[in-house]
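For reference, start00.cif is printed below; it contains mmCIF, C-alpha atoms and all ligand atoms.
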data_coords
#
loop_
_atom_site.label_atom_id
_atom_site.label_comp_id
_atom_site.auth_asym_id
_atom_site.auth_seq_id
_atom_site.Cartn_x
_atom_site.Cartn_y
_atom_site.Cartn_z
CA MET A 1 70.46 111.50 -186.07
CA THR A 2 66.62 111.79 -186.19
CA PRO A 3 64.87 110.11 -183.28
CA PRO A 4 62.68 107.14 -184.24
CA SER A 5 58.99 108.04 -184.60
CA ARG A 6 58.06 105.96 -181.55
CA SER A 7 60.13 107.20 -178.64
CA ILE A 8 60.50 105.32 -175.36
CA PRO A 9 59.43 107.35 -172.31
CA LEU A 10 61.08 107.03 -168.92
CA SER A 11 57.73 106.05 -167.41
CA ARG A 12 54.25 105.32 -168.78
CA PRO A 13 51.14 105.65 -166.57
CA SER A 14 48.20 103.22 -166.74
CA VAL A 15 45.04 104.47 -168.45
CA ASP A 16 42.25 102.05 -169.37
CA ASP A 17 38.49 101.58 -169.33
CA GLU A 18 38.29 100.08 -165.84
CA ILE A 19 40.06 103.12 -164.37
CA LYS A 20 37.94 105.53 -166.42
CA ARG A 21 34.72 103.82 -165.29
CA ALA A 22 35.78 104.10 -161.65
CA VAL A 23 36.56 107.81 -162.03
CA LEU A 24 33.28 108.47 -163.86
CA ALA A 25 31.34 106.71 -161.10
CA ALA A 26 33.07 108.94 -158.56
CA ILE A 27 32.06 112.00 -160.61
CA ASP A 28 28.44 110.78 -160.67
CA SER A 29 28.46 110.25 -156.89
CA ARG A 30 28.60 114.06 -156.39
CA GLN A 31 30.83 113.57 -153.35
CA TYR A 32 34.29 114.81 -154.07
CA ILE A 33 36.39 115.19 -150.93
CA LEU A 34 37.19 112.56 -148.25
CA GLY A 35 34.08 110.52 -149.08
CA PRO A 36 33.42 106.79 -149.37
CA GLN A 37 36.12 106.13 -152.00
CA CYS A 38 38.73 107.69 -149.74
CA ARG A 39 37.49 105.75 -146.70
CA GLU A 40 37.54 102.45 -148.60
CA LEU A 41 40.99 103.18 -150.02
CA GLU A 42 42.31 103.98 -146.55
CA ALA A 43 41.06 100.62 -145.25
CA GLU A 44 42.49 98.78 -148.27
CA LEU A 45 45.87 100.50 -148.05
CA ALA A 46 46.18 99.74 -144.35
CA ALA A 47 45.26 96.09 -144.95
CA TYR A 48 47.74 95.86 -147.82
CA THR A 49 50.57 97.35 -145.75
CA GLY A 50 49.71 95.55 -142.52
CA THR A 51 49.12 98.72 -140.49
CA ARG A 52 46.07 99.76 -138.46
CA HIS A 53 45.63 103.05 -140.28
CA ALA A 54 46.17 104.80 -143.58
CA VAL A 55 45.51 108.54 -143.75
CA LEU A 56 45.16 109.91 -147.27
CA THR A 57 46.50 113.35 -148.03
CA SER A 58 47.44 115.60 -150.93
CA SER A 59 51.06 114.39 -151.42
CA ALA A 60 53.85 112.46 -149.72
CA THR A 61 55.43 115.80 -148.83
CA ALA A 62 52.25 116.69 -146.92
CA ALA A 63 52.21 113.19 -145.39
CA LEU A 64 55.79 113.62 -144.12
CA TRP A 65 55.05 117.07 -142.67
CA MET A 66 51.88 115.90 -140.90
CA THR A 67 53.63 112.86 -139.46
CA LEU A 68 56.57 114.90 -138.22
CA ARG A 69 54.14 117.29 -136.52
CA ALA A 70 52.26 114.31 -135.06
CA LEU A 71 55.56 112.92 -133.76
CA GLY A 72 55.97 116.20 -131.91
CA VAL A 73 59.15 117.50 -133.54
CA ARG A 74 60.32 120.88 -132.32
CA PRO A 75 62.87 123.48 -133.44
CA GLY A 76 66.34 122.23 -132.51
CA ASP A 77 65.41 118.57 -132.98
CA GLU A 78 67.78 116.74 -135.32
CA ILE A 79 66.53 114.11 -137.75
CA LEU A 80 68.78 111.68 -139.62
CA VAL A 81 67.98 111.54 -143.34
CA PRO A 82 69.86 110.24 -146.37
CA SER A 83 71.19 113.02 -148.57
CA HIS A 84 70.56 110.83 -151.61
CA THR A 85 66.78 111.25 -151.87
CA ALA A 86 64.23 113.53 -153.50
CA PHE A 87 64.38 117.00 -151.96
CA PRO A 88 60.84 116.74 -150.45
CA THR A 89 62.10 114.27 -147.81
CA VAL A 90 64.43 116.96 -146.49
CA GLU A 91 62.04 119.83 -147.18
CA ALA A 92 59.33 118.32 -144.96
CA ILE A 93 61.82 118.06 -142.07
CA CYS A 94 62.76 121.73 -142.49
CA PHE A 95 59.11 122.76 -142.88
CA ALA A 96 58.24 120.97 -139.63
CA GLY A 97 60.87 123.16 -137.94
CA ALA A 98 63.49 120.48 -137.30
CA THR A 99 67.06 120.16 -138.59
CA PRO A 100 67.97 117.53 -141.18
CA VAL A 101 71.24 115.72 -140.46
CA PHE A 102 72.48 114.34 -143.76
CA VAL A 103 73.71 110.74 -143.95
CA ASP A 104 75.85 109.20 -146.69
CA ALA A 105 74.73 106.33 -148.95
CA ASP A 106 75.62 102.64 -148.68
CA ASP A 107 76.40 100.21 -151.54
CA TRP A 108 72.71 100.11 -152.49
CA TYR A 109 72.40 103.91 -152.64
CA THR A 110 70.21 103.89 -149.52
CA LEU A 111 70.95 105.36 -146.07
CA ASP A 112 74.15 103.90 -144.55
CA PRO A 113 73.23 102.86 -140.97
CA LYS A 114 76.88 103.05 -139.79
CA ASP A 115 77.27 106.60 -141.05
CA ALA A 116 73.90 107.44 -139.46
CA ALA A 117 75.06 106.09 -136.07
CA ALA A 118 78.16 108.28 -136.23
CA ARG A 119 75.98 111.37 -136.66
CA VAL A 120 73.70 110.86 -133.62
CA THR A 121 73.88 113.67 -131.03
CA PRO A 122 71.88 114.36 -127.85
CA ARG A 123 69.49 116.40 -130.03
CA THR A 124 68.69 113.53 -132.43
CA VAL A 125 65.03 112.49 -132.13
CA GLY A 126 64.33 110.37 -135.20
CA ILE A 127 65.39 108.82 -138.47
CA VAL A 128 63.72 109.03 -141.90
CA PRO A 129 65.25 106.31 -144.12
CA VAL A 130 64.14 106.22 -147.76
CA HIS A 131 63.38 103.02 -149.69
CA LEU A 132 65.04 104.57 -152.72
CA TYR A 133 64.24 103.47 -156.28
CA GLY A 134 61.95 100.76 -154.81
CA GLN A 135 64.74 99.05 -152.82
CA PRO A 136 64.18 98.69 -149.06
CA VAL A 137 66.81 100.25 -146.83
CA ASP A 138 68.67 97.79 -144.53
CA LEU A 139 65.65 97.62 -142.20
CA PRO A 140 67.07 95.45 -139.37
CA ALA A 141 70.14 97.74 -139.14
CA VAL A 142 67.97 100.86 -139.12
CA GLN A 143 65.63 99.38 -136.51
CA ASP A 144 68.64 98.45 -134.31
CA LEU A 145 69.94 101.98 -134.61
CA ALA A 146 66.57 103.47 -133.66
CA THR A 147 66.29 101.16 -130.65
CA ARG A 148 69.90 101.75 -129.53
CA PHE A 149 69.53 105.54 -129.52
CA GLY A 150 65.81 105.76 -128.61
CA LEU A 151 64.80 107.32 -131.93
CA TRP A 152 61.49 107.07 -133.74
CA LEU A 153 61.56 105.62 -137.27
CA LEU A 154 59.56 107.18 -140.11
CA GLU A 155 59.88 105.25 -143.40
CA ASP A 156 59.79 107.27 -146.62
CA GLY A 157 58.17 104.69 -148.89
CA ALA A 158 57.25 107.23 -151.61
CA GLN A 159 59.07 105.08 -154.18
CA ALA A 160 58.40 101.64 -152.75
CA GLN A 161 54.72 100.63 -152.50
CA GLY A 162 54.72 96.83 -152.45
CA ALA A 163 58.41 96.43 -151.60
CA ALA A 164 59.10 94.05 -148.73
CA TRP A 165 61.75 92.78 -146.32
CA ASP A 166 61.58 89.05 -145.56
CA GLY A 167 58.05 89.06 -146.97
CA ARG A 168 56.81 91.92 -144.77
CA ALA A 169 55.63 95.06 -146.55
CA VAL A 170 57.68 98.22 -146.19
CA GLY A 171 55.62 100.88 -144.49
CA SER A 172 54.91 98.59 -141.53
CA PHE A 173 58.35 98.74 -139.87
CA GLY A 174 58.43 102.26 -138.43
CA ARG A 175 56.23 104.28 -136.06
CA ALA A 176 54.82 105.54 -139.36
CA ALA A 177 55.54 105.59 -143.07
CA VAL A 178 54.53 107.63 -146.09
CA PHE A 179 53.59 106.72 -149.66
CA SER A 180 53.39 108.99 -152.72
CA PHE A 181 50.88 108.53 -155.53
CA TYR A 182 52.62 110.87 -157.99
CA PRO A 183 51.81 109.58 -161.52
CA SER A 184 55.14 107.80 -162.15
CA LYS A 185 55.13 106.00 -158.78
CA ASN A 186 54.48 102.25 -158.42
CA LEU A 187 50.95 103.00 -157.17
CA PRO A 188 50.11 106.03 -159.30
CA ALA A 189 47.26 108.50 -159.17
CA MET A 190 46.30 110.87 -161.98
CA GLY A 191 47.66 113.82 -160.10
CA ASP A 192 49.29 114.35 -156.71
CA GLY A 193 48.47 112.23 -153.70
CA GLY A 194 50.01 110.63 -150.63
CA ALA A 195 49.28 108.69 -147.46
CA VAL A 196 50.52 108.16 -143.92
CA LEU A 197 50.61 104.52 -142.78
CA THR A 198 50.77 103.81 -139.07
CA SER A 199 49.58 101.45 -136.37
CA ASP A 200 49.79 104.24 -133.81
CA ASP A 201 46.22 105.46 -133.09
CA GLU A 202 47.37 108.86 -131.84
CA ILE A 203 49.54 109.61 -134.86
CA ALA A 204 46.69 108.62 -137.18
CA ALA A 205 44.18 110.79 -135.33
CA ARG A 206 46.54 113.76 -135.28
CA CYS A 207 47.26 113.42 -139.01
CA ARG A 208 43.52 113.27 -139.79
CA ARG A 209 43.12 116.49 -137.84
CA LEU A 210 46.12 118.25 -139.39
CA ARG A 211 45.04 117.49 -142.96
CA ASP A 212 41.70 119.23 -142.36
CA HIS A 213 42.51 122.58 -140.70
CA GLY A 214 43.14 121.04 -137.29
CA ARG A 215 39.43 120.26 -137.01
CA LEU A 216 37.98 118.23 -134.18
CA ASN A 217 34.54 118.44 -135.76
CA LYS A 218 32.75 120.69 -138.22
CA ASP A 219 32.99 123.82 -136.08
CA VAL A 220 35.87 123.32 -133.66
CA HIS A 221 39.55 123.68 -134.61
CA ALA A 222 41.81 122.19 -131.96
CA GLU A 223 45.00 123.42 -133.61
CA VAL A 224 46.30 125.12 -136.72
CA GLY A 225 46.56 122.54 -139.48
CA PHE A 226 46.12 123.13 -143.19
CA ASN A 227 44.05 121.96 -146.16
CA LEU A 228 45.84 118.75 -147.17
CA ARG A 229 42.75 116.67 -147.97
CA PHE A 230 42.39 114.00 -150.65
CA ASN A 231 39.67 113.59 -153.25
CA GLU A 232 37.25 110.94 -154.48
CA LEU A 233 38.25 110.86 -158.17
CA GLN A 234 41.86 110.03 -157.37
CA ALA A 235 40.85 107.54 -154.67
CA ALA A 236 38.56 105.72 -157.11
CA ALA A 237 41.42 105.33 -159.63
CA LEU A 238 43.85 104.28 -156.90
CA ARG A 239 41.48 101.57 -155.64
CA VAL A 240 41.56 99.93 -159.07
CA LEU A 241 45.35 100.20 -159.24
CA LEU A 242 45.93 98.96 -155.67
CA ARG A 243 44.27 95.69 -156.70
CA ARG A 244 46.86 95.46 -159.48
CA LEU A 245 49.86 96.64 -157.46
CA ASP A 246 51.48 93.23 -156.92
CA ALA A 247 51.05 92.31 -160.59
CA MET A 248 52.42 95.71 -161.67
CA ASN A 249 55.44 95.25 -159.39
CA ASP A 250 55.96 91.71 -160.73
CA ARG A 251 56.03 93.21 -164.21
CA ARG A 252 58.62 95.80 -163.13
CA ARG A 253 60.72 92.98 -161.65
CA GLU A 254 60.39 91.00 -164.87
CA LEU A 255 61.61 93.99 -166.89
CA ALA A 256 64.49 94.54 -164.46
CA ALA A 257 65.53 90.90 -164.97
CA ARG A 258 65.28 91.43 -168.73
CA TYR A 259 67.59 94.46 -168.47
CA ALA A 260 70.02 92.46 -166.32
CA ARG A 261 70.19 89.62 -168.86
CA GLY A 262 70.49 92.00 -171.80
CA LEU A 263 73.14 94.21 -170.22
CA ALA A 264 75.32 91.41 -168.79
CA GLY A 265 78.95 91.97 -169.71
CA VAL A 266 78.48 95.68 -170.50
CA PRO A 267 80.78 97.94 -168.42
CA LEU A 268 77.88 99.41 -166.51
CA GLU A 269 76.96 99.04 -162.85
CA LEU A 270 73.50 97.45 -162.71
CA PRO A 271 71.07 97.69 -159.76
CA ALA A 272 71.51 94.89 -157.25
CA GLU A 273 68.73 93.52 -155.05
CA ARG A 274 69.84 93.16 -151.45
CA GLU A 275 69.33 89.86 -149.64
CA HIS A 276 65.95 89.66 -147.82
CA ALA A 277 64.54 92.46 -149.99
CA ARG A 278 61.81 92.54 -152.58
CA HIS A 279 62.93 95.43 -154.81
CA VAL A 280 60.02 96.90 -156.81
CA TYR A 281 62.11 98.93 -159.32
CA HIS A 282 60.35 102.23 -159.12
CA LEU A 283 63.41 103.28 -161.13
CA TYR A 284 65.99 101.19 -162.96
CA VAL A 285 69.22 103.04 -162.17
CA VAL A 286 72.56 102.11 -163.75
CA ALA A 287 75.89 103.81 -163.15
CA THR A 288 78.81 104.69 -165.41
CA PRO A 289 81.43 107.45 -165.42
CA ARG A 290 80.28 108.05 -169.06
CA ARG A 291 76.74 108.92 -167.91
CA GLN A 292 76.38 112.21 -169.87
CA GLU A 293 77.55 110.67 -173.14
CA LEU A 294 75.32 107.63 -172.70
CA ALA A 295 72.27 109.81 -171.95
CA ALA A 296 72.92 111.93 -175.06
CA PHE A 297 73.39 108.79 -177.20
CA LEU A 298 70.07 107.34 -175.99
CA LYS A 299 68.26 110.67 -176.45
CA GLU A 300 69.33 110.77 -180.10
CA ARG A 301 67.64 107.41 -180.48
CA GLY A 302 64.38 108.57 -178.87
CA ILE A 303 65.06 106.93 -175.50
CA GLN A 304 64.27 109.11 -172.49
CA THR A 305 66.46 108.82 -169.40
CA GLY A 306 66.55 110.66 -166.07
CA ILE A 307 68.94 111.42 -163.23
CA HIS A 308 67.58 110.80 -159.76
CA TYR A 309 69.15 113.01 -158.48
CA PRO A 310 71.93 115.13 -159.99
CA VAL A 311 72.31 117.55 -157.04
CA PRO A 312 72.51 115.87 -153.62
CA THR A 313 70.08 117.35 -151.13
CA HIS A 314 72.89 118.39 -148.76
CA ARG A 315 74.29 120.53 -151.60
CA GLN A 316 71.00 122.28 -152.40
CA PRO A 317 71.07 126.09 -152.00
CA ALA A 318 67.91 125.84 -149.87
CA VAL A 319 69.87 124.18 -147.03
CA ALA A 320 73.22 125.95 -147.46
CA ARG A 321 72.59 127.78 -144.15
CA LEU A 322 73.04 124.41 -142.37
CA ASP A 323 76.60 124.16 -143.72
CA PRO A 324 76.31 120.39 -144.28
CA PRO A 325 79.50 118.29 -144.23
CA ALA A 326 80.89 116.51 -147.32
CA LEU A 327 79.38 113.08 -148.04
CA PRO A 328 81.91 111.44 -150.38
CA ARG A 329 79.89 108.44 -151.57
CA THR A 330 76.80 110.50 -152.36
CA GLU A 331 78.84 113.18 -154.10
CA ARG A 332 80.52 110.52 -156.26
CA LEU A 333 77.42 108.50 -157.16
CA VAL A 334 75.33 111.47 -158.32
CA ASN A 335 77.79 111.97 -161.19
CA GLU A 336 77.39 108.42 -162.47
CA ILE A 337 73.75 107.38 -162.06
CA LEU A 338 71.29 107.20 -164.95
CA SER A 339 67.65 106.03 -164.82
CA LEU A 340 66.59 103.93 -167.83
CA PRO A 341 62.95 103.58 -168.98
CA MET A 342 60.89 101.54 -166.50
CA SER A 343 57.22 101.11 -165.64
CA ALA A 344 54.69 98.29 -165.50
CA ASN A 345 53.49 99.42 -168.93
CA HIS A 346 56.69 99.21 -170.94
CA THR A 347 56.84 96.36 -173.46
CA ASP A 348 59.54 93.69 -173.73
CA ALA A 349 60.38 95.13 -177.16
CA GLU A 350 60.96 98.59 -175.66
CA ILE A 351 63.32 97.24 -173.03
CA ASP A 352 65.14 95.21 -175.72
CA ALA A 353 65.48 98.39 -177.81
CA VAL A 354 67.04 100.20 -174.81
CA VAL A 355 69.39 97.26 -174.22
CA ASP A 356 70.45 97.25 -177.90
CA ALA A 357 71.12 100.99 -177.81
CA VAL A 358 73.17 100.74 -174.59
CA ARG A 359 75.16 97.84 -176.05
CA ALA A 360 75.73 99.84 -179.24
CA PHE A 361 77.03 102.75 -177.15
CA PHE A 362 79.59 100.54 -175.44
CA GLY A 363 80.44 98.87 -178.78
CA ARG A 364 79.34 95.45 -177.54
C1 LIG B 1 61.66 109.60 -151.81
C2 LIG B 1 60.59 110.62 -151.99
N1 LIG B 1 60.06 111.21 -150.89
C3 LIG B 1 59.08 112.12 -150.99
C4 LIG B 1 58.58 112.51 -152.22
C5 LIG B 1 57.49 113.52 -152.28
O1 LIG B 1 56.35 112.96 -152.88
P1 LIG B 1 55.16 113.88 -153.41
O2 LIG B 1 55.54 114.32 -154.79
O3 LIG B 1 53.98 112.96 -153.40
O4 LIG B 1 55.01 115.02 -152.46
C6 LIG B 1 59.08 111.91 -153.38
C7 LIG B 1 58.58 112.30 -154.70
O5 LIG B 1 59.29 112.80 -155.54
C8 LIG B 1 60.11 110.95 -153.27
O6 LIG B 1 60.61 110.36 -154.35
#
I'd like the structure from this file rewritten - as C-alpha cells, please.
Ligand SMILES: Cc1ncc(COP(=O)(O)O)c(C=O)c1O
Amino acid sequence: MTPPSRSIPLSRPSVDDEIKRAVLAAIDSRQYILGPQCRELEAELAAYTGTRHAVLTSSATAALWMTLRALGVRPGDEILVPSHTAFPTVEAICFAGATPVFVDADDWYTLDPKDAAARVTPRTVGIVPVHLYGQPVDLPAVQDLATRFGLWLLEDGAQAQGAAWDGRAVGSFGRAAVFSFYPSKNLPAMGDGGAVLTSDDEIAARCRRLRDHGRLNKDVHAEVGFNLRFNELQAAALRVLLRRLDAMNDRRRELAARYARGLAGVPLELPAEREHARHVYHLYVVATPRRQELAAFLKERGIQTGIHYPVPTHRQPAVARLDPPALPRTERLVNEILSLPMSANHTDAEIDAVVDAVRAFFGR
C-alpha cells in the first residue's frame, strides 16, 4: 500500500513568527552564551516550577550529571533508578561514578516504590524517579521511601514539564530535578538543552560552577567541571514557549482524551492517569501483544509510531558488567508498548485518522 501524501509524524515542533522574532532579536544582541535571555529564562523557569533556582545547561543528561556531582556522589554509592527510562538517566549515574540499582515498573510504567524499597542497601544514597511519558511517579510513596531510608530525591522530569501532583508542579518535590528541552519534549528548544531545578542554594551554586569549567570567577577554577553552558538563541525561543507551556499541555491532554474516546472498546491498553496526577502526555503510549503488526500497519498508512523503549536499560550492553537482576514487569512491557503520534501541534483530524487506522487494524 502507498502511504498517503500527508503522513502523520510522531511529534511536530512549534515554529512560528513570534519564536523567529525572539531568536532574531537574540542574534542581534551579539551576546550568545549565558546572557540576559538565559538569566531571564532561569528566573521564569524557577518561578514556574516553584523552586528557588533554575540552572540552564546543555542537556538533561548534563543536568543529571552536574546534580549528582553536586549531591556529592562517590564511587560505590548506589542509586535507585527505574530500568524503564531513557538510557541517559542511567548513563548520568554511571558517568558520575556511582552504581545504578535498577527498579521494576509499577502499573503506570513508572518506578515501583515497593520494589525500590526492597533494593535498598547500606550503600544506597539516593533515588532518581522518572516522570515517564509525562506521568508523575507516585510522589508521596517515593518521598516516604526517601525519608525512611535517608536518601536524597532527584526527579528526572525530562518528559514532564508542567506535570503536577495535587496541583504542585513536578520538579519541586526533590532536593533537585532536571528538565530536558530536546525538540520533541513538552517544553522544546530548537536543539539540545536542559536545566537543574532546586531550592538548595549550594546545589545551584555548584551546578553553575560545574557547567562552566568549575569557575569561581573569570580566572579562578575551583574544581574540574566541563563546558556545559547554554546559549541565548535557544533561551529566547524557550522563553516564548514557556509562556505557552500550560496551553500546550492542555492541548496534549485534549488530544489524549480524543484518543481515549476514539479507541474505547478496542483491545488495546490505553494510558491511564493516576489519581492526584496531572499527566502531560509527552508520549501517548498504548500496549498490545500485537505491537509489531500494528506498527507496520500504521506505517503503511503514513502514520509514524515509536517504541519508548524497546531495550530496557538494565539489559543494555553498556551496563552488562553490573550483572543486573531480571525485572519481569519491565521485560514484559517493553514488548507491548507503542507510542502513537502526539504533540501540541497535531490536529484533531490527524488524531482521528490514527484512531480510524487503529480501529481498522483491530477490525472494529
Ligand atoms: C527520561 C529522560 N531522562 C533524561 C533524558 C536526557 O535528556 P537530554 O536529551 O536533554 O540529555 C531524556 C531524553 O531522552 C529522557 O527522556
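Selecting all polymer residues at most 6 Å from ligand LIG 1 (chain B), using only C-alpha atoms and all ligand atoms, gives A:Ser59, A:Ala60, A:Thr61, A:Thr85, A:Ala86, A:Pro88, A:Thr89, A:Val130, A:Asp156, A:Ala158, A:Gln159, A:Ser180, A:Phe181, A:Tyr182, A:Asp192, A:Gly193, A:Gly194.
Using only C-alpha atoms, the residues found no farther than 10 Å from Glu331 in chain A, other than those of its own chain fewer than 5 positions away, are A:Ser83, A:His84, A:Asp104, A:Ala105, A:Pro310, A:Val311, A:Pro312, A:His314, A:Arg315, A:Ala326, A:Glu336.
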Write out as CSV the residues of range 258-327 of chain A that have any atom within 12 Å of an atom of range 6-9 of chain A, one row each with the nearest atom pair and its distance in Å to one decimal, counting all atoms listed in the file, sorted by chain and then rising number.
residue,atom,partner,partner_atom,distance
A:Leu298,CA,A:Ile8,CA,9.8
A:Lys299,CA,A:Ser7,CA,9.1
A:Glu300,CA,A:Ser7,CA,10.0
A:Arg301,CA,A:Ser7,CA,7.7
A:Gly302,CA,A:Ser7,CA,4.5
A:Ile303,CA,A:Ile8,CA,4.8
A:Gln304,CA,A:Pro9,CA,5.2
A:Thr305,CA,A:Pro9,CA,7.7
A:Gly306,CA,A:Pro9,CA,10.0
Output C-alpha atoms for every residue in that selection, as a PDB file, in the frame of the given file.
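Result file is result-v1.pdb:
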ATOM      1  CA  LEU A 298      70.070 107.340-175.990  1.00  0.00           C
ATOM      2  CA  LYS A 299      68.260 110.670-176.450  1.00  0.00           C
ATOM      3  CA  GLU A 300      69.330 110.770-180.100  1.00  0.00           C
ATOM      4  CA  ARG A 301      67.640 107.410-180.480  1.00  0.00           C
ATOM      5  CA  GLY A 302      64.380 108.570-178.870  1.00  0.00           C
ATOM      6  CA  ILE A 303      65.060 106.930-175.500  1.00  0.00           C
ATOM      7  CA  GLN A 304      64.270 109.110-172.490  1.00  0.00           C
ATOM      8  CA  THR A 305      66.460 108.820-169.400  1.00  0.00           C
ATOM      9  CA  GLY A 306      66.550 110.660-166.070  1.00  0.00           C
TER      10      GLY A 306
END
Option closest in space to Arg52 in chain A, from A:Lys114, A:His213, A:Arg69, A:Arg175 [counting all atoms listed in the file]
A:Arg175
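The space between CA of His279 in chain A and CA of Gln135 in chain A spans 4.5 Å.
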Please provide the set of residues having any atom within 9 Å of Thr49 in chain A, restricted to only C-alpha atoms, with same-chain residues fewer than 3 positions apart removed, written as a PyMOL selection string.
chain A and resi 44-46+52+54+161-162+168-172+197
Could those selected residues go to a file with C-alpha atoms, as a PDB file, keeping the file's coordinate frame?
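See out-v7.pdb below for the written result:
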ATOM      1  CA  GLU A  44      42.490  98.780-148.270  1.00  0.00           C
ATOM      2  CA  LEU A  45      45.870 100.500-148.050  1.00  0.00           C
ATOM      3  CA  ALA A  46      46.180  99.740-144.350  1.00  0.00           C
ATOM      4  CA  ARG A  52      46.070  99.760-138.460  1.00  0.00           C
ATOM      5  CA  ALA A  54      46.170 104.800-143.580  1.00  0.00           C
ATOM      6  CA  GLN A 161      54.720 100.630-152.500  1.00  0.00           C
ATOM      7  CA  GLY A 162      54.720  96.830-152.450  1.00  0.00           C
ATOM      8  CA  ARG A 168      56.810  91.920-144.770  1.00  0.00           C
ATOM      9  CA  ALA A 169      55.630  95.060-146.550  1.00  0.00           C
ATOM     10  CA  VAL A 170      57.680  98.220-146.190  1.00  0.00           C
ATOM     11  CA  GLY A 171      55.620 100.880-144.490  1.00  0.00           C
ATOM     12  CA  SER A 172      54.910  98.590-141.530  1.00  0.00           C
ATOM     13  CA  LEU A 197      50.610 104.520-142.780  1.00  0.00           C
TER      14      LEU A 197
END
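If all atoms listed in the file are the atoms counted, then among A:Met190, A:Leu327, A:Ala357, A:Val55 the closest residue to Asp106 in chain A is A:Leu327.
Computed from the coordinates, the CA of Tyr281 in chain A to CA of Cys94 in chain A distance equals 28.3 Å.
Interatomic distance, CA of Ala98 in chain A against CA of Val125 in chain A: 9.6 Å.
Proximity to Ala189 in chain A was assessed for A:Ala163, A:Ile203, A:Val319, A:Leu241 counting only C-alpha atoms; the smallest distance is recorded for A:Leu241.
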Would you pick out the contacts of Leu132 in chain A at 8 Å or less, using only C-alpha atoms, so that residues sharing its chain but fewer than 5 positions from it are not included, and give the list as a ChimeraX atom specification?
/A:85,109-110,137,157,159-160
Counting all atoms listed in the file, what is within 12 Å of Gln234 in chain A, bar same-chain residues fewer than 6 positions away, as a ChimeraX atom specification?
/A:19-20,22-27,32-35,37-38,41,56-59,181-183,187-194,240-242
Could you give me, as a count of residues only, the residues within 8 Å of Pro129 in chain A, counting only C-alpha atoms and dropping anything in the same chain fewer than 4 positions from it?
11
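With all atoms listed in the file as the atoms that count, the minimum distance from Ser29 in chain A to the choices A:Thr347, A:Ala236, A:Ala146, A:Arg252 is reached by A:Ala236.
Nearest-residue note for Ser339 in chain A: choosing from A:Arg359, A:Arg208, A:Arg274, A:His282, the minimum distance belongs to A:His282, counting only C-alpha atoms.
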Of the candidates A:Pro325, A:Pro122, A:Asp200, A:Glu254, which one gets nearest to His53 in chain A if we count all atoms listed in the file?
A:Asp200
